[in-house]
$ cat run14.txt   # compact mmCIF, C-alpha atoms
# COMPACT_ATOMS: atom_id res chain seq x y z
CA MET A 143 0.00 0.00 0.00
CA SER A 144 1.39 3.38 -0.97
CA GLY A 145 0.29 6.94 -0.47
CA ARG A 146 -1.59 8.51 2.40
CA GLN A 147 -5.07 7.12 3.08
CA THR A 148 -8.08 9.37 3.60
CA THR A 149 -10.30 9.02 6.65
CA GLU A 150 -13.03 7.49 4.54
CA GLU A 151 -10.64 4.91 3.09
CA ILE A 152 -9.60 3.87 6.60
CA TYR A 153 -13.26 3.42 7.57
CA ARG A 154 -13.96 1.47 4.37
CA GLN A 155 -11.03 -0.79 5.19
CA MET A 156 -12.60 -1.40 8.61
CA GLY A 157 -15.95 -2.43 7.12
CA ILE A 158 -17.94 0.83 7.06
CA SER A 159 -19.76 1.49 3.78
CA HIS A 160 -19.40 4.74 1.88
CA ASP A 161 -23.06 5.69 2.36
CA LEU A 162 -22.99 5.09 6.12
CA TRP A 163 -19.75 7.02 6.51
CA GLU A 164 -21.26 9.98 4.64
CA ILE A 165 -24.34 10.00 6.89
CA GLY A 166 -22.08 9.95 9.93
CA GLU A 167 -20.14 12.95 8.64
CA ARG A 168 -23.35 14.91 8.06
CA VAL A 169 -24.46 14.15 11.61
CA LEU A 170 -21.12 15.38 12.95
CA THR A 171 -21.37 18.62 11.00
CA ASP A 172 -24.71 19.33 12.67
CA LEU A 173 -23.20 18.66 16.12
CA LYS A 174 -20.17 20.95 15.98
CA GLU A 175 -21.65 23.72 18.14
CA ARG A 176 -22.96 21.27 20.72
CA PHE A 177 -19.62 19.47 20.93
CA SER A 178 -17.91 22.81 21.49
CA LYS A 179 -20.05 23.38 24.61
CA ILE A 180 -19.13 19.91 25.90
CA ASP A 181 -15.48 20.84 25.51
CA GLU A 182 -16.08 23.99 27.58
CA THR A 183 -17.54 21.90 30.40
CA ALA A 184 -14.63 19.47 30.19
CA GLU A 185 -12.19 22.36 30.46
CA ILE A 186 -13.88 23.71 33.59
CA ASN A 187 -13.91 20.26 35.19
CA GLN A 188 -10.31 19.65 34.18
CA ILE A 189 -9.17 22.79 35.99
CA LYS A 190 -11.30 21.81 38.99
CA VAL A 191 -9.48 18.46 39.24
CA LEU A 192 -6.09 20.09 38.66
CA GLY A 193 -6.78 22.62 41.42
CA ALA A 194 -7.75 19.85 43.85
CA MET A 195 -4.51 17.99 43.17
CA GLN A 196 -2.42 21.12 43.60
CA LYS A 197 -4.23 21.99 46.83
CA ALA A 198 -3.39 18.53 48.20
CA ARG A 199 0.27 19.02 47.17
CA ILE A 200 0.39 15.74 45.25
CA SER A 201 3.93 14.54 44.57
CA ALA A 202 5.60 11.49 43.04
CA GLU A 203 5.76 9.91 46.50
CA HIS A 204 1.96 9.63 46.46
CA PHE A 205 2.23 7.01 43.71
CA ASN A 206 4.01 4.55 45.96
CA GLY A 207 1.88 1.62 47.06
CA SER A 208 1.39 -0.06 50.42
CA THR A 209 0.98 -3.70 51.41
CA GLY A 210 -0.43 -5.63 54.34
CA TYR A 211 -2.46 -3.41 56.63
CA GLY A 212 -1.79 -0.33 54.52
CA TYR A 213 -1.00 1.90 57.46
CA ASN A 214 0.19 5.43 56.69
CA ASP A 215 -0.56 5.20 52.96
CA ALA A 216 -0.25 8.90 52.08
CA GLY A 217 -1.15 8.32 48.44
CA ARG A 218 -4.41 6.63 49.37
CA ASP A 219 -5.31 9.16 52.08
CA ASP A 220 -4.54 12.24 50.00
CA LEU A 221 -6.45 10.85 47.02
CA GLU A 222 -9.48 10.89 49.29
CA ARG A 223 -8.76 14.52 50.09
CA VAL A 224 -8.59 15.25 46.37
CA TYR A 225 -11.98 13.59 45.78
CA ALA A 226 -13.51 15.55 48.67
CA SER A 227 -12.14 18.74 47.13
CA VAL A 228 -13.43 17.91 43.64
CA PHE A 229 -16.90 17.03 44.96
CA HIS A 230 -16.93 19.88 47.52
CA THR A 231 -17.67 17.52 50.42
CA GLU A 232 -16.38 17.23 53.96
CA ASP A 233 -14.81 13.84 53.31
CA ALA A 234 -14.48 10.98 50.85
CA LEU A 235 -13.73 7.27 50.87
CA VAL A 236 -11.92 6.10 47.70
CA ARG A 237 -10.81 2.49 47.88
CA SER A 238 -9.78 -0.36 45.63
CA GLN A 239 -11.51 -2.65 48.14
CA ILE A 240 -14.86 -1.27 46.91
CA THR A 241 -15.37 -3.72 44.07
CA CYS A 242 -17.99 -1.97 41.91
CA GLY A 243 -20.75 0.62 41.86
CA THR A 244 -23.29 -1.77 43.38
CA HIS A 245 -20.86 -2.51 46.21
CA ALA A 246 -20.30 1.21 46.84
CA LEU A 247 -24.06 1.81 47.04
CA SER A 248 -24.61 -1.24 49.23
CA LEU A 249 -21.81 -0.04 51.52
CA ALA A 250 -23.24 3.48 51.79
CA LEU A 251 -26.70 2.14 52.66
CA ALA A 252 -25.66 -0.60 55.07
CA ALA A 253 -23.26 1.73 56.88
CA ASN A 254 -25.86 4.41 57.52
CA LEU A 255 -29.04 2.40 58.11
CA ARG A 256 -29.94 0.49 61.26
CA PRO A 257 -32.59 -2.16 62.01
CA GLY A 258 -36.00 -0.49 62.06
CA ASP A 259 -34.97 2.25 59.60
CA GLU A 260 -36.61 2.66 56.22
CA LEU A 261 -35.01 3.40 52.87
CA LEU A 262 -37.07 5.51 50.47
CA SER A 263 -36.26 5.72 46.77
CA LEU A 264 -37.32 9.09 45.38
CA SER A 265 -36.74 8.00 41.77
CA GLY A 266 -38.88 4.88 41.50
CA LYS A 267 -37.47 1.44 40.79
CA PRO A 268 -33.74 1.16 41.49
CA TYR A 269 -31.18 -0.44 39.20
CA ASP A 270 -31.57 -4.22 38.89
CA THR A 271 -28.52 -5.18 40.96
CA LEU A 272 -29.78 -3.12 43.92
CA GLU A 273 -32.98 -5.17 44.16
CA GLU A 274 -31.13 -7.95 45.96
CA VAL A 275 -29.15 -5.47 48.06
CA ILE A 276 -32.40 -3.96 49.32
CA GLY A 277 -34.34 -7.24 49.47
CA ILE A 278 -36.94 -6.44 46.81
CA ARG A 279 -35.81 -9.77 45.44
CA PRO A 280 -34.97 -11.94 48.47
CA SER A 281 -31.23 -12.47 48.80
CA ARG A 282 -28.83 -13.53 51.50
CA GLY A 283 -27.45 -10.54 53.42
CA SER A 284 -29.98 -8.04 52.06
CA LEU A 285 -31.03 -4.96 54.02
CA ALA A 286 -34.40 -6.63 54.53
CA GLU A 287 -32.74 -9.46 56.46
CA TYR A 288 -31.47 -6.85 58.92
CA GLY A 289 -34.92 -5.42 59.53
CA ILE A 290 -34.59 -2.43 57.18
CA THR A 291 -37.74 -1.70 55.21
CA TYR A 292 -38.08 -0.18 51.76
CA ARG A 293 -40.53 2.10 50.00
CA GLN A 294 -40.42 3.97 46.68
CA ALA A 295 -42.04 7.08 45.27
CA GLU A 296 -42.68 6.75 41.56
CA LEU A 297 -41.59 9.45 39.15
CA LYS A 298 -44.17 11.30 37.09
CA GLU A 299 -44.89 10.17 33.54
CA ASP A 300 -42.47 12.78 32.20
CA GLY A 301 -39.69 11.38 34.41
CA SER A 302 -39.66 14.24 36.93
CA PHE A 303 -39.92 13.90 40.70
CA ASP A 304 -43.43 13.65 42.15
CA ALA A 305 -43.45 15.90 45.24
CA GLU A 306 -46.82 14.66 46.47
CA ALA A 307 -45.81 11.01 46.09
CA ILE A 308 -42.62 11.71 48.05
CA ARG A 309 -44.55 13.50 50.79
CA ASN A 310 -46.99 10.58 51.08
CA ALA A 311 -44.20 7.99 51.14
CA LEU A 312 -42.28 9.53 54.02
CA ARG A 313 -42.58 7.68 57.31
CA PRO A 314 -41.31 8.52 60.81
CA ASN A 315 -38.62 5.83 60.42
CA THR A 316 -37.46 6.99 56.97
CA ARG A 317 -33.71 7.41 57.39
CA ILE A 318 -32.24 7.56 53.86
CA ALA A 319 -33.78 8.97 50.69
CA ALA A 320 -32.05 7.55 47.62
CA ILE A 321 -31.91 9.06 44.15
CA GLN A 322 -30.62 7.26 41.06
CA ARG A 323 -29.30 9.83 38.61
CA SER A 324 -29.05 7.52 35.62
CA LYS A 325 -31.90 5.57 34.08
CA GLY A 326 -30.51 2.06 34.60
CA TYR A 327 -32.36 -0.50 32.48
CA LEU A 328 -35.37 1.78 32.20
CA THR A 329 -36.38 4.16 29.44
CA ARG A 330 -37.12 7.11 31.70
CA PRO A 331 -35.03 10.28 31.38
CA SER A 332 -31.90 10.50 33.50
CA LEU A 333 -32.12 13.17 36.18
CA SER A 334 -30.33 16.51 36.04
CA VAL A 335 -28.32 17.88 38.94
CA GLU A 336 -30.82 20.75 39.16
CA GLN A 337 -33.75 18.32 39.46
CA ILE A 338 -31.87 16.35 42.10
CA GLY A 339 -31.21 19.56 44.02
CA GLU A 340 -34.90 20.47 43.99
CA ALA A 341 -35.85 17.02 45.32
CA ILE A 342 -33.22 17.24 48.06
CA ARG A 343 -34.44 20.66 49.17
CA PHE A 344 -38.04 19.40 49.21
CA VAL A 345 -37.17 16.41 51.40
CA LYS A 346 -34.89 18.40 53.72
CA ASP A 347 -37.58 21.06 54.23
CA LEU A 348 -39.97 18.34 55.36
CA ARG A 349 -37.43 16.27 57.29
CA PRO A 350 -33.99 17.80 57.90
CA ASP A 351 -32.86 14.60 59.67
CA ILE A 352 -33.13 12.46 56.53
CA LEU A 353 -29.91 11.59 54.73
CA VAL A 354 -29.95 11.81 50.92
CA MET A 355 -27.77 9.42 48.93
CA VAL A 356 -27.32 9.90 45.16
CA ASP A 357 -26.23 7.09 42.86
CA ASN A 358 -23.97 9.17 40.62
CA CYS A 359 -22.81 6.35 38.33
CA TYR A 360 -22.31 7.50 34.72
CA GLY A 361 -22.96 11.13 35.65
CA GLU A 362 -19.64 12.43 36.96
CA PHE A 363 -18.20 15.39 35.00
CA VAL A 364 -21.11 15.48 32.54
CA ASP A 365 -22.20 18.74 34.18
CA ARG A 366 -20.18 21.49 35.83
CA ILE A 367 -21.62 20.63 39.24
CA GLU A 368 -22.29 17.33 41.03
CA PRO A 369 -25.14 16.19 43.33
CA SER A 370 -22.90 16.96 46.31
CA ASP A 371 -23.04 20.63 45.25
CA VAL A 372 -26.83 20.68 45.69
CA GLY A 373 -27.14 19.08 49.11
CA ALA A 374 -26.55 15.32 48.79
CA ASP A 375 -25.20 13.81 52.01
CA MET A 376 -23.56 11.01 50.01
CA THR A 377 -22.58 10.95 46.34
CA VAL A 378 -21.61 7.45 45.27
CA GLY A 379 -19.96 5.93 42.19
CA SER A 380 -17.56 3.48 40.59
CA LEU A 381 -13.97 4.15 39.55
CA ILE A 382 -14.31 1.98 36.44
CA LYS A 383 -16.90 4.42 35.16
CA ASN A 384 -16.40 8.17 34.60
CA PRO A 385 -14.10 9.22 37.48
CA GLY A 386 -11.49 6.54 36.80
CA GLY A 387 -10.79 7.96 33.36
CA GLY A 388 -10.26 4.47 31.93
CA LEU A 389 -7.08 3.97 33.96
CA ALA A 390 -8.44 2.99 37.37
CA PRO A 391 -8.31 -0.83 37.40
CA MET A 392 -10.91 -1.15 40.17
CA GLY A 393 -12.54 0.69 43.03
CA GLY A 394 -15.37 2.95 44.09
CA TYR A 395 -15.94 6.20 45.95
CA ILE A 396 -18.32 7.72 48.47
CA ALA A 397 -18.07 11.51 48.90
CA GLY A 398 -20.14 13.21 51.55
CA THR A 399 -20.46 14.35 55.12
CA LYS A 400 -17.75 13.33 57.55
CA GLU A 401 -20.12 11.23 59.64
CA CYS A 402 -21.56 9.33 56.67
CA VAL A 403 -18.12 8.64 55.21
CA GLU A 404 -16.68 7.52 58.55
CA ASN A 405 -19.61 5.11 58.92
CA CYS A 406 -18.79 3.71 55.48
CA ALA A 407 -15.10 3.28 56.35
CA VAL A 408 -15.97 1.30 59.47
CA ARG A 409 -18.43 -0.87 57.55
CA LEU A 410 -15.90 -1.50 54.76
CA THR A 411 -13.23 -2.76 57.16
CA SER A 412 -14.24 -3.22 60.81
CA PRO A 413 -15.05 -1.27 63.96
CA GLY A 414 -11.90 0.09 65.51
CA LEU A 415 -9.97 -0.03 62.23
CA GLY A 416 -12.03 2.05 59.80
CA ARG A 417 -10.06 3.88 57.13
CA GLU A 418 -6.63 3.25 58.70
CA VAL A 419 -6.31 -0.07 56.89
CA GLY A 420 -6.57 -1.04 53.24
CA ALA A 421 -3.41 -1.47 51.19
CA SER A 422 -3.27 0.29 47.81
CA LEU A 423 -0.93 -2.32 46.26
CA GLY A 424 0.71 0.05 43.79
CA ILE A 425 -2.38 1.35 41.96
CA ASN A 426 -2.30 4.90 43.34
CA ARG A 427 -0.76 6.40 40.20
CA SER A 428 -3.51 4.91 38.03
CA LEU A 429 -6.19 6.31 40.32
CA TYR A 430 -4.67 9.79 40.32
CA GLN A 431 -3.97 9.85 36.60
CA GLY A 432 -7.39 8.40 35.78
CA LEU A 433 -9.11 11.13 37.78
CA PHE A 434 -6.95 13.74 36.06
CA LEU A 435 -8.05 12.46 32.63
CA ALA A 436 -11.67 11.85 33.64
CA PRO A 437 -13.16 15.19 32.49
CA THR A 438 -11.88 14.84 28.92
CA VAL A 439 -12.56 11.09 28.74
CA THR A 440 -16.12 11.71 29.92
CA ALA A 441 -16.50 14.45 27.30
CA GLY A 442 -15.51 11.98 24.57
CA ALA A 443 -18.02 9.42 25.83
CA LEU A 444 -20.72 12.10 26.00
CA LYS A 445 -20.07 13.10 22.40
CA GLY A 446 -20.32 9.44 21.42
CA ALA A 447 -23.72 9.10 23.10
CA ILE A 448 -25.03 12.21 21.34
CA PHE A 449 -23.66 11.04 18.00
CA ALA A 450 -25.38 7.65 18.50
CA ALA A 451 -28.74 9.27 19.25
CA ASN A 452 -28.62 11.54 16.22
CA LEU A 453 -27.49 8.76 13.87
CA PHE A 454 -29.99 6.12 14.97
CA GLU A 455 -32.88 8.57 15.01
CA ARG A 456 -32.23 9.05 11.31
CA PHE A 457 -32.85 5.33 10.91
CA GLY A 458 -36.21 5.52 12.68
CA PHE A 459 -35.26 4.16 16.13
CA THR A 460 -36.47 5.70 19.38
CA CYS A 461 -33.56 7.09 21.37
CA ILE A 462 -33.62 8.10 25.04
CA PRO A 463 -32.62 10.83 25.45
CA ASN A 464 -33.31 11.97 21.90
CA GLY A 465 -30.73 13.68 19.75
CA LYS A 466 -31.56 17.17 20.93
CA GLU A 467 -32.30 16.79 24.65
CA PRO A 468 -29.83 17.92 27.32
CA ARG A 469 -27.55 15.16 28.65
CA GLN A 470 -27.32 14.13 32.30
CA ASP A 471 -25.11 11.05 31.90
CA ILE A 472 -23.13 9.15 29.28
CA ILE A 473 -25.72 6.43 28.70
CA GLN A 474 -27.65 6.30 25.44
CA ALA A 475 -30.68 4.02 25.23
CA ILE A 476 -31.78 2.89 21.77
CA GLU A 477 -34.98 0.87 21.40
CA PHE A 478 -34.86 -1.82 18.71
CA GLY A 479 -38.18 -3.55 19.36
CA SER A 480 -36.70 -6.99 18.74
CA ALA A 481 -34.09 -9.30 20.20
CA LYS A 482 -32.40 -9.48 16.78
CA GLY A 483 -31.87 -5.73 16.69
CA LEU A 484 -30.47 -5.58 20.22
CA ILE A 485 -28.13 -8.50 19.61
CA ALA A 486 -26.93 -7.12 16.26
CA PHE A 487 -26.14 -3.75 17.84
CA CYS A 488 -24.10 -5.38 20.59
CA GLU A 489 -22.31 -7.54 18.03
CA GLY A 490 -21.28 -4.39 16.18
CA ILE A 491 -19.96 -2.74 19.36
CA GLN A 492 -17.97 -5.87 20.20
CA ALA A 493 -16.53 -5.99 16.68
CA ALA A 494 -15.26 -2.43 17.16
CA ALA A 495 -13.37 -3.24 20.37
CA PRO A 496 -9.56 -3.20 20.73
CA VAL A 497 -9.80 -6.34 22.89
CA ASP A 498 -11.76 -9.51 21.97
CA SER A 499 -13.11 -7.96 18.77
CA TYR A 500 -13.39 -11.45 17.27
CA VAL A 501 -15.77 -12.63 20.02
CA SER A 502 -19.53 -12.74 19.47
CA PRO A 503 -21.47 -11.67 22.59
CA GLU A 504 -24.38 -13.86 23.66
CA PRO A 505 -27.20 -13.29 26.15
CA TRP A 506 -26.75 -15.02 29.51
CA ALA A 507 -28.11 -15.06 33.05
CA MET A 508 -25.82 -12.52 34.70
CA PRO A 509 -25.68 -12.44 38.51
CA GLY A 510 -27.94 -9.75 39.99
CA TYR A 511 -30.32 -9.49 37.01
CA ASP A 512 -33.81 -10.97 36.63
CA SER A 513 -33.54 -11.77 32.90
CA ASP A 514 -30.90 -12.72 30.37
CA VAL A 515 -28.60 -9.83 29.50
CA ILE A 516 -26.33 -9.34 26.50
CA MET A 517 -23.14 -7.36 27.04
CA ALA A 518 -20.57 -6.15 24.55
CA ALA A 519 -17.32 -4.90 26.06
CA GLY A 520 -13.90 -5.46 24.59
CA ALA A 521 -12.26 -3.52 27.38
CA PHE A 522 -8.76 -3.21 28.80
CA ILE A 523 -10.35 -3.43 32.27
CA GLN A 524 -13.07 -6.01 32.84
CA GLY A 525 -16.48 -4.37 33.21
CA SER A 526 -15.15 -0.86 32.62
CA SER A 527 -18.17 0.94 31.23
CA ILE A 528 -16.29 4.17 30.58
CA GLU A 529 -14.74 2.11 27.82
CA LEU A 530 -16.79 1.40 24.69
CA SER A 531 -19.58 -0.94 25.74
CA ALA A 532 -23.24 -1.76 25.26
CA ASP A 533 -25.65 -4.02 27.05
CA GLY A 534 -29.33 -4.66 27.54
CA PRO A 535 -31.85 -7.14 28.95
CA LEU A 536 -33.58 -9.51 26.55
CA HIS A 537 -37.11 -8.22 27.03
CA GLU A 538 -39.33 -5.44 25.68
CA PRO A 539 -38.60 -2.85 24.41
CA TYR A 540 -35.26 -4.59 23.57
CA ALA A 541 -33.27 -1.46 24.28
CA ALA A 542 -29.50 -1.29 24.03
CA TYR A 543 -27.73 0.87 26.61
CA PHE A 544 -24.62 2.27 24.96
CA GLN A 545 -21.90 4.09 26.84
CA GLY A 546 -18.23 4.89 26.93
CA GLY A 547 -15.34 5.20 24.57
CA LEU A 548 -12.00 6.37 25.95
CA THR A 549 -11.73 8.61 22.89
CA PHE A 550 -14.44 10.05 20.69
CA PRO A 551 -12.95 8.56 17.49
CA HIS A 552 -13.32 5.10 19.02
CA ALA A 553 -16.90 5.82 20.14
CA LYS A 554 -17.71 7.10 16.66
CA PHE A 555 -16.29 4.00 15.00
CA GLY A 556 -18.15 1.69 17.38
CA ILE A 557 -21.46 3.39 16.64
CA LEU A 558 -20.91 3.17 12.88
CA LYS A 559 -19.86 -0.48 13.22
CA ALA A 560 -23.08 -1.24 15.14
CA ALA A 561 -25.17 0.55 12.51
CA GLN A 562 -23.35 -1.36 9.77
CA ARG A 563 -24.17 -4.66 11.49
CA LEU A 564 -27.88 -3.79 11.52
CA LEU A 565 -27.71 -2.73 7.88
CA ASP A 566 -26.00 -5.96 6.89
CA GLN A 567 -28.77 -7.94 8.60
CA ASN A 568 -31.53 -5.84 6.99
CA LEU A 569 -32.65 -4.60 10.41
CA ILE A 570 -32.72 -0.94 9.40
CA LYS A 571 -35.81 -0.04 7.40
CA PRO A 572 -35.00 0.54 3.71
CA GLY A 573 -37.09 3.73 3.70
CA ALA A 574 -35.07 5.21 6.53
CA TRP A 575 -31.84 4.29 4.76
CA GLN A 576 -32.94 5.86 1.47
CA ARG A 577 -34.07 9.11 3.12
CA ASN A 578 -30.52 9.61 4.33

$ encode --input "run14.txt" --output "structure tokens"
Amino acid sequence: MSGRQTTEEIYRQMGISHDLWEIGERVLTDLKERFSKIDETAEINQIKVLGAMQKARISAEHFNGSTGYGYNDAGRDDLERVYASVFHTEDALVRSQITCGTHALSLALAANLRPGDELLSLSGKPYDTLEEVIGIRPSRGSLAEYGITYRQAELKEDGSFDAEAIRNALRPNTRIAAIQRSKGYLTRPSLSVEQIGEAIRFVKDLRPDILVMVDNCYGEFVDRIEPSDVGADMTVGSLIKNPGGGLAPMGGYIAGTKECVENCAVRLTSPGLGREVGASLGINRSLYQGLFLAPTVTAGALKGAIFAANLFERFGFTCIPNGKEPRQDIIQAIEFGSAKGLIAFCEGIQAAAPVDSYVSPEPWAMPGYDSDVIMAAGAFIQGSSIELSADGPLHEPYAAYFQGGLTFPHAKFGILKAAQRLLDQNLIKPGAWQRN
């Protein structure tokens, strides 16, 4: 091969047809102004993170790891100070021993609820994996087994908080009000930080003693403020999503009030030990560097989600949020209406991966879910959903939940590859194809 290849030729070589590539370029042209605003937000968040690291006087010594008990691990302890600074909270717990987002949420709840307390969800049904944590689906070790009850206030039809439903659901023993920012495996809108703030103020006006916990997974750095800026007592997430920047190999965080975070530290380890133990095993540099990159990595994933919505709407599919709506997280839901469409989309995402691109994803009974789920994720870190990935349960409306992409060019290619797979299987309506 001689000469310099054009961008289109590279895409053709990777299996993207000329017509599809041209549609993608037209979509991108229409999105230039919107992408510019995303870059502005990323710049603000980047400086916020940089300022927090400088304030904590981070040095090369902070990248050293600890073993055994992990006593006096300055890198670990100062990373928690950095997170508290970024999220504008009194304290933070950032640990590799927190295995995932579900674990972080379970930890935050179990640490701050006691037998006889009630947990109230202000945003309706929680994410599938929390059903067993709470005891909605009976499970060993659930909150229900410890005498903690659960209630939920449904959202309105438009996806906004229902103040009257919340008021009616409050009980004298309500201790924690939980809010899930992202939609999970639902097709409701994700919640904005402003909406979350209004709900928090409403609850606190009625009951100042209630703690509010926000599941912030997939939402970090999408906006210029976080739920902790609008009154959340605990803001909780996973390091292998947005805040890890694709470099964190594991871990989770809880940022919030000093009392709530201290309770979490004791629950994570044991009474009397708390946050003093927990070896970092040499991953501190990855956690710091991942957080430093997180604002721009999140911006790339956000652009990918918006590109996906605008492209697949042109092919007649329902997208949530749609191509023009404001974004509150990096997740893009696309309804295919059939198992074939959902599977084909995930096959295309897998085929675009840098790792295991030759593998064909298949639906299976994943732990914590009540139906078969298909997942596409050729990631450098297992389960890292800030990397290019897509998944969805095999039931109506057969929606794929697309997220991630460490760079926008990779997200763009993955979306085109998924569209190409549907085209090749005649799953995109000919009329929609011809109109574009």

$ closest_atom_pairs --input "run14.txt" --of "region 191-294 of chain A" --to "region 376-380 of chain A" --cutoff "8 Å" --atoms "all atoms listed in the file" --output "CSV"
residue,atom,partner,partner_atom,distance
A:Cys242,CA,A:Ser380,CA,5.6
A:Gly243,CA,A:Ser380,CA,4.5
A:Ala246,CA,A:Val378,CA,6.6
A:Leu247,CA,A:Val378,CA,6.4
A:Ala250,CA,A:Met376,CA,7.7

$ atom_distance --input "run14.txt" --atom1 "CA of Pro385 (chain A)" --atom2 "CA of Gly432 (chain A)"
7.0 Å

$ residues_near_point --input "run14.txt" --point "(-15.2, 0.0, 25.8)" --cutoff "9 Å" --atoms "only C-alpha atoms" --output "VMD selection string"
chain A and resid 491 to 492 494 to 497 518 to 523 525 to 532 545 to 548 552 to 553

$ closest_residue --input "run14.txt" --among "A:Gly301, A:Gly534, A:Val335, A:Ser208" --to "Ala481 (chain A)" --atoms "all atoms listed in the file"
A:Gly534

$ closest_residue --input "run14.txt" --among "A:Val345, A:Ile396, A:Leu235, A:Ile200" --to "Ser370 (chain A)" --atoms "only C-alpha atoms"
A:Ile396

$ residues_around --input "run14.txt" --residues "region 160-168 of chain A" --least-positions-apart "6" --cutoff "10 Å" --atoms "all atoms listed in the file" --output "MDAnalysis selection string"
chainID A and resid 149:151 153:154 449:450 452:453 456 554:555 557:559 561:562 565 575:576 578

$ residues_around --input "run14.txt" --residues "region 321-328 of chain A" --least-positions-apart "4" --cutoff "8 Å" --atoms "all atoms listed in the file" --output "list of chain:residue names"
A:Ser263, A:Leu264, A:Ser265, A:Pro268, A:Tyr269, A:Asp270, A:Ser332, A:Leu333, A:Ser334, A:Ile338, A:Val354, A:Met355, A:Val356, A:Asp357, A:Asn358, A:Cys359, A:Tyr360, A:Gly361, A:Gln470, A:Asp471, A:Ile473, A:Gly534, A:Pro535, A:Tyr543

$ write_last_selection --input "run14.txt" --atoms "C-alpha atoms" --output "tab-separated table (two decimals), in the frame of the given file"
chain	number	residue	atom	x	y	z
A	263	SER	CA	-36.26	5.72	46.77
A	264	LEU	CA	-37.32	9.09	45.38
A	265	SER	CA	-36.74	8.00	41.77
A	268	PRO	CA	-33.74	1.16	41.49
A	269	TYR	CA	-31.18	-0.44	39.20
A	270	ASP	CA	-31.57	-4.22	38.89
A	332	SER	CA	-31.90	10.50	33.50
A	333	LEU	CA	-32.12	13.17	36.18
A	334	SER	CA	-30.33	16.51	36.04
A	338	ILE	CA	-31.87	16.35	42.10
A	354	VAL	CA	-29.95	11.81	50.92
A	355	MET	CA	-27.77	9.42	48.93
A	356	VAL	CA	-27.32	9.90	45.16
A	357	ASP	CA	-26.23	7.09	42.86
A	358	ASN	CA	-23.97	9.17	40.62
A	359	CYS	CA	-22.81	6.35	38.33
A	360	TYR	CA	-22.31	7.50	34.72
A	361	GLY	CA	-22.96	11.13	35.65
A	470	GLN	CA	-27.32	14.13	32.30
A	471	ASP	CA	-25.11	11.05	31.90
A	473	ILE	CA	-25.72	6.43	28.70
A	534	GLY	CA	-29.33	-4.66	27.54
A	535	PRO	CA	-31.85	-7.14	28.95
A	543	TYR	CA	-27.73	0.87	26.61

$ closest_residue --input "run14.txt" --among "A:Val372, A:Ala252, A:Ile352, A:Ile158" --to "Ile276 (chain A)" --atoms "only C-alpha atoms"
A:Ala252

$ residues_around --input "run14.txt" --residues "Thr291 (chain A)" --least-positions-apart "4" --cutoff "9 Å" --atoms "all atoms listed in the file" --output "list in words"
Pro257, Gly258, Asp259, Glu260, Leu261, Leu262, Ile276, Gly277, Leu285, Ala286 and Thr316 of chain A

$ atom_distance --input "run14.txt" --atom1 "CA of Lys445 (chain A)" --atom2 "CA of Tyr500 (chain A)"
26.0 Å

$ build_atoms --input "run14.txt" --residues "region 212-222 of chain A" --atoms "N, CA and C atoms" --output "mmCIF file, in the frame of the given file"
data_model
loop_
_atom_site.group_PDB
_atom_site.id
_atom_site.type_symbol
_atom_site.label_atom_id
_atom_site.label_comp_id
_atom_site.auth_asym_id
_atom_site.auth_seq_id
_atom_site.Cartn_x
_atom_site.Cartn_y
_atom_site.Cartn_z
ATOM 1 N N GLY A 212 -1.650 -1.596 55.232
ATOM 2 C CA GLY A 212 -1.790 -0.330 54.520
ATOM 3 C C GLY A 212 -1.720 0.887 55.402
ATOM 4 N N TYR A 213 -1.123 0.738 56.570
ATOM 5 C CA TYR A 213 -1.000 1.900 57.460
ATOM 6 C C TYR A 213 -0.188 3.019 56.808
ATOM 7 N N ASN A 214 -0.566 4.243 57.098
ATOM 8 C CA ASN A 214 0.190 5.430 56.690
ATOM 9 C C ASN A 214 0.399 5.502 55.171
ATOM 10 N N ASP A 215 -0.624 5.125 54.427
ATOM 11 C CA ASP A 215 -0.560 5.200 52.960
ATOM 12 C C ASP A 215 -0.965 6.613 52.543
ATOM 13 N N ALA A 216 0.025 7.493 52.394
ATOM 14 C CA ALA A 216 -0.250 8.900 52.080
ATOM 15 C C ALA A 216 -0.923 9.058 50.725
ATOM 16 N N GLY A 217 -0.533 8.232 49.761
ATOM 17 C CA GLY A 217 -1.150 8.320 48.440
ATOM 18 C C GLY A 217 -2.632 8.026 48.488
ATOM 19 N N ARG A 218 -2.999 6.985 49.214
ATOM 20 C CA ARG A 218 -4.410 6.630 49.370
ATOM 21 C C ARG A 218 -5.169 7.727 50.117
ATOM 22 N N ASP A 219 -4.615 8.177 51.233
ATOM 23 C CA ASP A 219 -5.310 9.160 52.080
ATOM 24 C C ASP A 219 -5.470 10.506 51.380
ATOM 25 N N ASP A 220 -4.440 10.939 50.664
ATOM 26 C CA ASP A 220 -4.540 12.240 50.000
ATOM 27 C C ASP A 220 -5.400 12.175 48.744
ATOM 28 N N LEU A 221 -5.510 10.996 48.127
ATOM 29 C CA LEU A 221 -6.450 10.850 47.020
ATOM 30 C C LEU A 221 -7.870 11.101 47.517
ATOM 31 N N GLU A 222 -8.154 10.651 48.731
ATOM 32 C CA GLU A 222 -9.480 10.890 49.290
ATOM 33 C C GLU A 222 -9.695 12.377 49.558
#
